[in-house]
>>> print(open('data.csv').read())   # CSV, C-alpha atoms and all ligand atoms
chain,number,residue,atom,x,y,z
A,737,MET,CA,-45.6,-83.5,-50.1
A,738,SER,CA,-47.5,-80.6,-51.8
A,739,ALA,CA,-47.2,-80.4,-55.6
A,740,PRO,CA,-44.7,-77.8,-56.9
A,741,ALA,CA,-46.2,-74.7,-58.6
A,742,SER,CA,-43.9,-75.1,-61.5
A,743,VAL,CA,-41.0,-77.3,-62.6
A,744,ARG,CA,-38.1,-76.4,-64.9
A,745,VAL,CA,-36.2,-79.1,-66.7
A,746,ARG,CA,-33.1,-78.9,-68.9
A,747,THR,CA,-32.3,-81.3,-71.7
A,748,PRO,CA,-29.4,-81.4,-74.2
A,749,GLY,CA,-29.2,-81.2,-77.9
A,750,LYS,CA,-27.3,-83.9,-79.7
A,751,ILE,CA,-24.9,-84.5,-82.5
A,752,ASN,CA,-24.3,-87.8,-84.3
A,753,VAL,CA,-20.6,-88.6,-84.2
A,754,SER,CA,-21.4,-91.5,-86.4
A,755,LEU,CA,-24.5,-92.0,-88.5
A,756,LYS,CA,-24.9,-95.0,-90.8
A,757,VAL,CA,-28.2,-95.3,-92.6
A,758,GLY,CA,-29.7,-98.4,-94.1
A,759,PRO,CA,-32.2,-98.6,-97.0
A,760,GLN,CA,-35.8,-97.4,-96.5
A,761,ARG,CA,-37.8,-100.2,-94.9
A,762,ALA,CA,-41.4,-101.3,-95.7
A,763,ASP,CA,-42.7,-99.1,-92.8
A,764,GLY,CA,-41.1,-96.0,-94.4
A,765,TYR,CA,-38.4,-95.6,-91.7
A,766,HIS,CA,-34.6,-96.2,-92.2
A,767,GLY,CA,-32.6,-98.4,-89.9
A,768,VAL,CA,-29.6,-96.6,-88.5
A,769,ALA,CA,-26.5,-97.2,-86.5
A,770,SER,CA,-25.8,-94.0,-84.7
A,771,LEU,CA,-23.4,-92.7,-82.0
A,772,TYR,CA,-25.3,-90.0,-80.2
A,773,LEU,CA,-23.4,-87.5,-78.2
A,774,ALA,CA,-25.3,-85.0,-76.0
A,775,VAL,CA,-23.8,-81.6,-76.1
A,776,SER,CA,-23.9,-78.6,-73.8
A,777,LEU,CA,-26.5,-76.6,-75.8
A,778,PHE,CA,-29.5,-77.0,-73.7
A,779,GLU,CA,-33.3,-76.6,-74.0
A,780,GLU,CA,-35.2,-75.6,-70.8
A,781,VAL,CA,-38.9,-76.3,-70.4
A,782,THR,CA,-40.8,-74.8,-67.5
A,783,ALA,CA,-44.1,-76.5,-66.7
A,784,THR,CA,-46.7,-74.5,-64.7
A,785,GLU,CA,-50.0,-75.9,-63.5
A,786,LEU,CA,-53.0,-74.6,-65.4
A,787,ALA,CA,-56.6,-75.2,-64.5
A,788,GLY,CA,-58.7,-77.2,-67.0
A,789,ASP,CA,-57.4,-79.1,-70.0
A,790,GLU,CA,-55.6,-76.4,-71.9
A,791,ILE,CA,-52.0,-77.0,-72.9
A,792,ARG,CA,-50.6,-73.5,-73.4
A,793,LEU,CA,-47.2,-73.2,-75.1
A,794,THR,CA,-44.8,-70.2,-75.2
A,795,VAL,CA,-41.3,-70.1,-76.6
A,796,SER,CA,-38.4,-67.7,-76.0
A,797,ASP,CA,-35.0,-67.4,-77.4
A,798,PRO,CA,-32.9,-66.4,-74.4
A,799,ASP,CA,-29.6,-66.1,-76.3
A,800,ASN,CA,-31.1,-64.3,-79.3
A,801,ARG,CA,-29.7,-66.9,-81.6
A,802,VAL,CA,-32.6,-69.2,-82.6
A,803,PRO,CA,-35.5,-67.9,-84.8
A,804,VAL,CA,-38.5,-69.3,-83.0
A,805,ALA,CA,-41.3,-67.9,-85.1
A,806,GLY,CA,-41.9,-71.1,-87.1
A,807,ILE,CA,-42.3,-73.4,-84.1
A,808,PRO,CA,-45.9,-74.7,-83.8
A,809,LEU,CA,-47.6,-73.6,-80.6
A,810,ASP,CA,-50.5,-75.9,-81.0
A,811,GLY,CA,-51.0,-79.6,-80.0
A,812,SER,CA,-48.6,-80.7,-82.7
A,813,ASN,CA,-45.6,-79.3,-80.7
A,814,LEU,CA,-43.7,-82.3,-79.4
A,815,ALA,CA,-43.6,-80.8,-75.9
A,816,ALA,CA,-47.5,-80.7,-75.9
A,817,ARG,CA,-47.6,-84.2,-77.1
A,818,ALA,CA,-45.3,-85.2,-74.3
A,819,ALA,CA,-47.6,-83.6,-71.7
A,820,ARG,CA,-50.6,-85.4,-73.1
A,821,ALA,CA,-48.7,-88.7,-73.0
A,822,VAL,CA,-47.9,-88.2,-69.3
A,823,ALA,CA,-51.4,-87.2,-68.4
A,824,ALA,CA,-52.8,-90.3,-70.3
A,825,ARG,CA,-50.3,-92.7,-68.7
A,826,ALA,CA,-50.9,-91.2,-65.2
A,827,GLY,CA,-54.7,-91.5,-65.7
A,828,ARG,CA,-55.2,-87.8,-65.1
A,829,ALA,CA,-58.6,-86.4,-66.0
A,830,SER,CA,-57.1,-83.2,-67.3
A,831,ALA,CA,-53.8,-82.2,-68.8
A,832,GLY,CA,-53.9,-78.4,-68.0
A,833,VAL,CA,-50.3,-77.1,-68.1
A,834,HIS,CA,-48.4,-74.0,-69.4
A,835,LEU,CA,-45.1,-75.2,-71.0
A,836,HIS,CA,-42.6,-72.5,-71.6
A,837,ILE,CA,-39.7,-73.5,-73.9
A,838,ALA,CA,-36.4,-71.5,-73.7
A,839,LYS,CA,-34.8,-72.5,-76.9
A,840,ARG,CA,-31.1,-72.8,-77.6
A,841,VAL,CA,-31.0,-75.7,-80.0
A,842,PRO,CA,-31.5,-74.7,-83.6
A,843,VAL,CA,-34.9,-75.5,-85.0
A,844,ALA,CA,-34.9,-78.1,-87.8
A,845,GLY,CA,-31.2,-78.1,-87.3
A,846,GLY,CA,-30.4,-81.8,-87.1
A,847,MET,CA,-29.7,-81.5,-83.3
A,848,GLY,CA,-32.9,-83.0,-82.0
A,849,GLY,CA,-34.2,-79.8,-80.5
A,850,GLY,CA,-37.9,-80.7,-80.6
A,851,SER,CA,-37.0,-84.1,-79.2
A,852,ALA,CA,-35.1,-82.4,-76.3
A,853,ASP,CA,-38.3,-80.3,-75.6
A,854,ALA,CA,-40.4,-83.5,-75.6
A,855,ALA,CA,-38.0,-85.2,-73.1
A,856,ALA,CA,-38.0,-82.1,-70.9
A,857,ALA,CA,-41.8,-81.9,-70.9
A,858,LEU,CA,-42.1,-85.5,-70.0
A,859,VAL,CA,-39.9,-85.1,-66.9
A,860,ALA,CA,-41.4,-81.7,-66.0
A,861,CYS,CA,-45.0,-82.9,-66.2
A,862,ASN,CA,-44.2,-86.1,-64.3
A,863,GLU,CA,-42.8,-83.9,-61.4
A,864,LEU,CA,-45.5,-81.2,-61.6
A,865,TRP,CA,-48.3,-83.6,-61.5
A,866,GLN,CA,-46.5,-86.0,-59.1
A,867,ALA,CA,-47.4,-88.7,-61.5
A,868,GLY,CA,-44.8,-91.1,-60.2
A,869,LEU,CA,-43.7,-92.5,-63.5
A,870,GLY,CA,-40.3,-94.2,-63.4
A,871,THR,CA,-37.4,-93.9,-65.8
A,872,GLY,CA,-38.6,-97.0,-67.7
A,873,GLU,CA,-42.1,-95.6,-68.2
A,874,LEU,CA,-40.8,-92.2,-69.2
A,875,THR,CA,-38.4,-93.9,-71.7
A,876,GLU,CA,-41.3,-95.9,-73.1
A,877,LEU,CA,-43.4,-92.7,-73.6
A,878,ALA,CA,-40.3,-91.0,-75.1
A,879,ALA,CA,-39.9,-93.7,-77.7
A,880,GLY,CA,-43.6,-93.3,-78.7
A,881,LEU,CA,-43.0,-89.6,-79.3
A,882,GLY,CA,-39.9,-89.9,-81.6
A,883,ALA,CA,-36.8,-91.8,-82.3
A,884,ASP,CA,-34.5,-89.2,-80.7
A,885,VAL,CA,-36.5,-88.5,-77.6
A,886,PRO,CA,-35.2,-91.4,-75.4
A,887,PHE,CA,-31.7,-90.2,-76.0
A,888,ALA,CA,-32.5,-86.6,-74.9
A,889,LEU,CA,-33.8,-88.1,-71.7
A,890,MET,CA,-30.7,-90.2,-71.2
A,891,GLY,CA,-27.9,-87.8,-72.4
A,892,GLY,CA,-24.2,-88.8,-72.3
A,893,ALA,CA,-23.1,-90.9,-75.2
A,894,ALA,CA,-25.0,-93.9,-76.6
A,895,ALA,CA,-25.1,-96.2,-79.6
A,896,GLY,CA,-28.5,-96.2,-81.2
A,897,LEU,CA,-29.8,-99.0,-83.4
A,898,GLY,CA,-33.2,-99.7,-84.9
A,899,VAL,CA,-34.5,-96.2,-85.8
A,900,GLY,CA,-32.1,-94.8,-83.3
A,901,ASP,CA,-34.2,-95.6,-80.3
A,902,ARG,CA,-32.6,-98.9,-79.2
A,903,LEU,CA,-30.0,-97.2,-77.0
A,904,THR,CA,-26.9,-98.6,-75.3
A,905,PRO,CA,-24.8,-96.1,-73.2
A,906,VAL,CA,-21.2,-96.1,-74.2
A,907,PRO,CA,-18.2,-94.9,-72.2
A,908,ALA,CA,-16.8,-91.5,-73.1
A,909,PRO,CA,-14.9,-90.4,-70.1
A,910,GLN,CA,-13.1,-87.4,-71.6
A,911,PRO,CA,-15.1,-84.3,-72.6
A,912,LEU,CA,-14.9,-83.7,-76.3
A,913,HIS,CA,-14.9,-80.1,-77.5
A,914,TRP,CA,-16.8,-79.0,-80.6
A,915,VAL,CA,-17.8,-75.9,-82.4
A,916,LEU,CA,-21.3,-75.8,-83.7
A,917,VAL,CA,-22.3,-73.6,-86.7
A,918,PRO,CA,-26.1,-73.4,-86.9
A,919,ALA,CA,-27.6,-72.2,-90.2
A,920,ALA,CA,-30.1,-69.4,-90.6
A,921,TYR,CA,-32.5,-71.9,-92.1
A,922,GLY,CA,-33.7,-75.5,-91.3
A,923,LEU,CA,-33.7,-78.7,-93.3
A,924,SER,CA,-36.6,-81.1,-93.1
A,925,THR,CA,-35.4,-84.5,-91.8
A,926,PRO,CA,-37.8,-86.5,-94.1
A,927,GLN,CA,-36.6,-84.5,-97.1
A,928,VAL,CA,-32.9,-85.3,-96.3
A,929,PHE,CA,-33.6,-89.0,-96.0
A,930,ALA,CA,-35.6,-88.9,-99.3
A,931,ALA,CA,-32.6,-87.1,-100.9
A,932,LEU,CA,-30.3,-89.8,-99.6
A,933,ASP,CA,-32.5,-92.5,-101.1
A,934,ALA,CA,-32.5,-90.7,-104.4
A,935,LEU,CA,-28.7,-90.4,-104.4
A,936,ARG,CA,-28.4,-94.1,-103.7
A,937,ALA,CA,-30.8,-94.9,-106.5
A,938,ASP,CA,-30.6,-98.7,-107.0
A,939,ALA,CA,-27.4,-99.2,-105.2
A,940,LYS,CA,-27.5,-102.1,-102.7
A,941,VAL,CA,-27.2,-100.7,-99.2
A,942,ALA,CA,-26.9,-103.0,-96.2
A,943,GLU,CA,-28.8,-102.5,-93.0
A,944,PRO,CA,-26.2,-101.1,-90.5
A,945,ALA,CA,-25.7,-103.6,-87.7
A,946,GLU,CA,-23.4,-101.8,-85.4
A,947,VAL,CA,-21.5,-98.5,-84.7
A,948,ASP,CA,-18.0,-98.7,-86.1
A,949,PRO,CA,-15.9,-100.1,-83.2
A,950,ARG,CA,-13.1,-97.6,-84.0
A,951,ILE,CA,-15.6,-94.8,-82.9
A,952,LEU,CA,-16.3,-96.6,-79.7
A,953,GLY,CA,-12.6,-97.2,-79.1
A,954,ALA,CA,-11.6,-93.6,-79.8
A,955,LEU,CA,-14.4,-92.3,-77.4
A,956,ALA,CA,-13.4,-94.7,-74.6
A,957,ALA,CA,-9.8,-93.7,-74.9
A,958,GLY,CA,-10.5,-90.0,-75.3
A,959,ASN,CA,-8.5,-90.2,-78.5
A,960,THR,CA,-9.7,-87.0,-80.2
A,961,ALA,CA,-7.3,-87.3,-83.2
A,962,GLY,CA,-8.3,-90.9,-83.7
A,963,LEU,CA,-11.9,-89.9,-83.6
A,964,ALA,CA,-11.4,-87.2,-86.1
A,965,GLY,CA,-10.4,-89.8,-88.7
A,966,VAL,CA,-13.5,-91.9,-88.3
A,967,LEU,CA,-16.4,-89.5,-88.0
A,968,VAL,CA,-19.1,-90.4,-90.6
A,969,ASN,CA,-22.5,-89.2,-91.5
A,970,ASP,CA,-24.3,-91.0,-94.4
A,971,LEU,CA,-26.8,-88.1,-94.5
A,972,GLN,CA,-24.1,-85.6,-95.2
A,973,PRO,CA,-24.1,-85.9,-99.1
A,974,ALA,CA,-27.9,-85.5,-99.1
A,975,ALA,CA,-27.8,-82.5,-96.7
A,976,LEU,CA,-25.1,-80.9,-98.9
A,977,GLU,CA,-27.1,-81.5,-102.0
A,978,LEU,CA,-30.1,-79.7,-100.4
A,979,ALA,CA,-28.0,-76.9,-98.9
A,980,PRO,CA,-24.8,-76.5,-101.1
A,981,GLY,CA,-23.8,-73.4,-99.2
A,982,LEU,CA,-22.7,-75.6,-96.3
A,983,GLU,CA,-19.6,-76.7,-98.3
A,984,SER,CA,-17.9,-73.3,-97.9
A,985,VAL,CA,-18.6,-73.4,-94.1
A,986,LEU,CA,-17.1,-76.8,-93.9
A,987,ALA,CA,-14.1,-75.5,-95.8
A,988,ALA,CA,-13.8,-72.5,-93.4
A,989,GLY,CA,-13.8,-74.9,-90.4
A,990,ALA,CA,-11.0,-76.9,-92.0
A,991,GLY,CA,-9.1,-73.8,-93.0
A,992,ASN,CA,-9.2,-72.6,-89.4
A,993,GLY,CA,-7.8,-75.8,-88.0
A,994,ALA,CA,-10.7,-78.0,-87.0
A,995,LEU,CA,-9.6,-81.6,-86.6
A,996,ALA,CA,-12.7,-82.6,-88.6
A,997,GLY,CA,-16.0,-81.2,-89.6
A,998,MET,CA,-19.4,-82.8,-90.4
A,999,VAL,CA,-23.1,-82.2,-90.8
A,1000,SER,CA,-24.9,-82.9,-87.6
A,1001,GLY,CA,-27.6,-85.5,-88.2
A,1002,SER,CA,-29.9,-84.3,-91.0
A,1003,GLY,CA,-28.3,-80.9,-90.8
A,1004,PRO,CA,-27.9,-78.1,-91.6
A,1005,THR,CA,-26.0,-77.5,-88.3
A,1006,LEU,CA,-22.3,-78.2,-88.7
A,1007,ALA,CA,-20.1,-79.7,-86.0
A,1008,PHE,CA,-16.4,-79.2,-85.9
A,1009,LEU,CA,-14.1,-81.2,-83.6
A,1010,ALA,CA,-11.5,-79.4,-81.7
A,1011,SER,CA,-8.5,-80.8,-79.7
A,1012,SER,CA,-9.2,-78.9,-76.4
A,1013,GLU,CA,-11.5,-76.4,-74.9
A,1014,ALA,CA,-9.0,-73.6,-75.7
A,1015,HIS,CA,-8.8,-74.8,-79.3
A,1016,ALA,CA,-12.7,-74.8,-79.6
A,1017,ALA,CA,-12.8,-71.3,-78.2
A,1018,ALA,CA,-10.2,-70.1,-80.7
A,1019,LEU,CA,-11.9,-71.9,-83.6
A,1020,ALA,CA,-15.3,-70.5,-82.7
A,1021,GLU,CA,-13.7,-67.0,-82.5
A,1022,ALA,CA,-12.1,-67.4,-86.0
A,1023,LEU,CA,-15.3,-68.7,-87.5
A,1024,ARG,CA,-17.2,-65.8,-86.0
A,1025,GLY,CA,-14.6,-63.5,-87.5
A,1026,GLY,CA,-15.5,-65.0,-90.9
A,1027,GLY,CA,-19.1,-64.1,-90.3
A,1028,HIS,CA,-20.3,-67.5,-89.2
A,1029,ALA,CA,-22.5,-68.1,-86.1
A,1030,ALA,CA,-20.3,-70.4,-84.0
A,1031,ILE,CA,-20.9,-71.8,-80.6
A,1032,ALA,CA,-18.2,-73.8,-78.6
A,1033,VAL,CA,-19.8,-76.7,-76.7
A,1034,TYR,CA,-18.6,-79.9,-75.0
A,1035,GLY,CA,-20.0,-83.4,-74.9
A,1036,PRO,CA,-21.0,-85.8,-73.4
A,1037,ALA,CA,-23.5,-83.6,-71.5
A,1038,PRO,CA,-26.0,-84.9,-69.0
A,1039,GLY,CA,-29.6,-85.8,-70.0
A,1040,ALA,CA,-32.7,-84.5,-68.4
A,1041,VAL,CA,-32.1,-82.5,-65.2
A,1042,VAL,CA,-34.6,-80.8,-62.9
A,1043,LEU,CA,-33.4,-77.3,-62.2
A,1044,PRO,CA,-34.0,-75.7,-58.8
A,1045,GLU,CA,-35.9,-72.4,-59.5
A,1046,PRO,CA,-38.4,-71.6,-62.3
A,1047,ASP,CA,-36.4,-68.7,-63.6
A,1048,PRO,CA,-36.0,-69.2,-67.4
A,1049,ASP,CA,-33.3,-66.6,-67.8
A,1050,SER,CA,-30.7,-67.6,-65.1
A,1051,ALA,CA,-28.0,-70.3,-65.4
A,1052,ALA,CA,-29.0,-72.5,-62.5
A,1053,THR,CA,-27.2,-75.5,-60.9
A,1054,PRO,CA,-28.9,-78.9,-61.4
A,1055,THR,CA,-30.3,-80.5,-58.3
A,1056,HIS,CA,-30.5,-84.0,-59.6
A,1057,ARG,CA,-30.3,-86.1,-62.7
A,1058,LYS,CA,-33.0,-88.3,-64.0
B,1101,LIG,P1,-34.3,-84.2,-85.8
B,1101,LIG,O1,-32.9,-84.1,-86.1
B,1101,LIG,O2,-34.6,-84.9,-84.4
B,1101,LIG,O3,-35.2,-84.7,-86.9
B,1101,LIG,P2,-34.3,-81.4,-85.8
B,1101,LIG,O4,-33.5,-81.0,-84.7
B,1101,LIG,O5,-33.7,-81.3,-87.2
B,1101,LIG,O6,-34.9,-82.8,-85.5
B,1101,LIG,P3,-36.5,-80.0,-84.6
B,1101,LIG,O7,-36.0,-78.7,-84.2
B,1101,LIG,O8,-36.7,-81.0,-83.6
B,1101,LIG,O9,-35.6,-80.5,-85.8
B,1101,LIG,O10,-37.9,-79.7,-85.4
B,1101,LIG,C1,-38.3,-80.2,-86.6
B,1101,LIG,C2,-39.8,-79.7,-86.9
B,1101,LIG,O11,-40.6,-80.2,-85.8
B,1101,LIG,C3,-39.9,-78.2,-86.8
B,1101,LIG,O12,-39.7,-77.6,-88.1
B,1101,LIG,C4,-41.3,-78.0,-86.3
B,1101,LIG,O13,-42.2,-77.9,-87.3
B,1101,LIG,C5,-41.7,-79.3,-85.5
B,1101,LIG,N1,-41.7,-79.1,-84.0
B,1101,LIG,C6,-42.6,-79.7,-83.2
B,1101,LIG,N2,-42.3,-79.5,-81.9
B,1101,LIG,C7,-41.2,-78.7,-81.9
B,1101,LIG,C8,-40.4,-78.1,-80.9
B,1101,LIG,N3,-40.8,-78.2,-79.6
B,1101,LIG,N4,-39.4,-77.4,-81.2
B,1101,LIG,C9,-39.0,-77.2,-82.5
B,1101,LIG,N5,-39.8,-77.7,-83.5
B,1101,LIG,C10,-40.8,-78.5,-83.3
>>> encode(input="data.csv", output="structure tokens")
Amino acid sequence: MSAPASVRVRTPGKINVSLKVGPQRADGYHGVASLYLAVSLFEEVTATELAGDEIRLTVSDPDNRVPVAGIPLDGSNLAARAARAVAARAGRASAGVHLHIAKRVPVAGGMGGGSADAAAALVACNELWQAGLGTGELTELAAGLGADVPFALMGGAAAGLGVGDRLTPVPAPQPLHWVLVPAAYGLSTPQVFAALDALRADAKVAEPAEVDPRILGALAAGNTAGLAGVLVNDLQPAALELAPGLESVLAAGAGNGALAGMVSGSGPTLAFLASSEAHAAALAEALRGGGHAAIAVYGPAPGAVVLPEPDPDSAATPTHRK
């Protein structure tokens, strides 16, 4: 079979429905117990063959919602690192590729956008170069790129232990409807963790061993109201300390009837739980009326999907799921 001229892959952003964080470990990381939920805000990465060894990166903002100016376009971009990882694992002499990222996930927003780009680039380069790496090998490369990258490959809903990379898929048969409110600024994940450590000072904090079984039960039963009562994010007080303006947005969500509201991951994106698709649409409308950028999404959403045509601006149908 001849190699495709270009490959386009879609990957989801995520929210953490539950995020328990342990103390800082000797290696600098924090152990977590996280319930990841992939949501229908998707990144798309198109990989096109390029002669030589150049990894060229371009980024667009198809919905005019994500300020993309600050994204690194050099070798430090997670998508470029992913391409190099595939080339190295496949034993390719060169890693020439043009990666175009169509961004919908807020940058430094606590939704794992860079991780989603890395996961998409792994799958796209594997297909483009016909490298033949299996899901296990791609997942291994993903874990080497960042704690959230394996989940962006997998999608759905999953419990994450370790630094969030030890994933176990969990059943979530009913779609949950959320309203996301991205901020016009980003928060640095390491700074949010550092703020949490400072807030905890000398308090003894246990290493989280598992995701709260009430979360798993509510997801499995599609019990949205039950879920609303047990959402938790240990990083939220730290994110709110760094970005106090988020408090009024949380209050606006509650005032407009959200079942619950929380900071997504390290923030500053906020996620509000709604009881149905119609409720999410109405809540998003009300928040937009109050001057907030609000996007209605659902989750679980699928992980990496190869899309049929390399047309960055059309909403295409997936051909298959990785
Ligand atoms: P997480 O919650 O996984 O820590 P995030 O969603 O808060 O991540 P990202 O959008 O993934 O944050 O990006 C964090 C930083 O990583 C950015 O500020 C940027 O400097 C750098 N970065 C590297 N590659 C990318 C990429 N492909 N897209 C966005 N940022 C990237």
>>> residues_near_ligand(input="data.csv", ligand="ligand LIG 1101 (chain B)", cutoff="7 Å", atoms="only C-alpha atoms and all ligand atoms", output="ChimeraX atom specification")
/A:806-808,812-815,842-851,853-854,884,923-925,1001-1003
>>> closest_atom_pairs(input="data.csv", of="range 960-1012 of chain A", to="range 909-921 of chain A", cutoff="8 Å", atoms="all atoms listed in the file", output="tab-separated table")
residue	atom	partner	partner_atom	distance
A:Thr960	CA	A:Leu912	CA	7.3
A:Pro1004	CA	A:Ala919	CA	6.1
A:Thr1005	CA	A:Pro918	CA	4.3
A:Leu1006	CA	A:Val917	CA	5.0
A:Ala1007	CA	A:Leu916	CA	4.7
A:Phe1008	CA	A:Val915	CA	5.0
A:Leu1009	CA	A:Trp914	CA	4.6
A:Ala1010	CA	A:Trp914	CA	5.4
A:Ser1011	CA	A:His913	CA	6.8
A:Ser1012	CA	A:His913	CA	5.9
>>> residues_around(input="data.csv", residues="range 896-899 of chain A", least_positions_apart="5", cutoff="7 Å", atoms="only C-alpha atoms", output="number ranges by chain")
A: 766-771, 883, 904
>>> atom_distance(input="data.csv", atom1="CA of Val841 in chain A", atom2="CA of Ala974 in chain A")
21.7 Å
>>> closest_residue(input="data.csv", among="A:Gly868, A:Pro759, A:Gly989, A:Gly832", to="Asp970 in chain A", atoms="all atoms listed in the file")
A:Pro759
>>> closest_residue(input="data.csv", among="A:Val822, A:Ala856, A:Leu786, A:Ala987", to="Val1042 in chain A", atoms="only C-alpha atoms")
A:Ala856
>>> closest_residue(input="data.csv", among="A:Ser738, A:Gln866, A:Ser754, A:Ser1000", to="Leu967 in chain A", atoms="all atoms listed in the file")
A:Ser754
>>> closest_residue(input="data.csv", among="A:Gly880, A:Gly1026, A:Gly870, A:Gly1039", to="Asn992 in chain A", atoms="all atoms listed in the file")
A:Gly1026
>>> atom_distance(input="data.csv", atom1="CA of Ala878 in chain A", atom2="CA of Arg801 in chain A")
27.1 Å
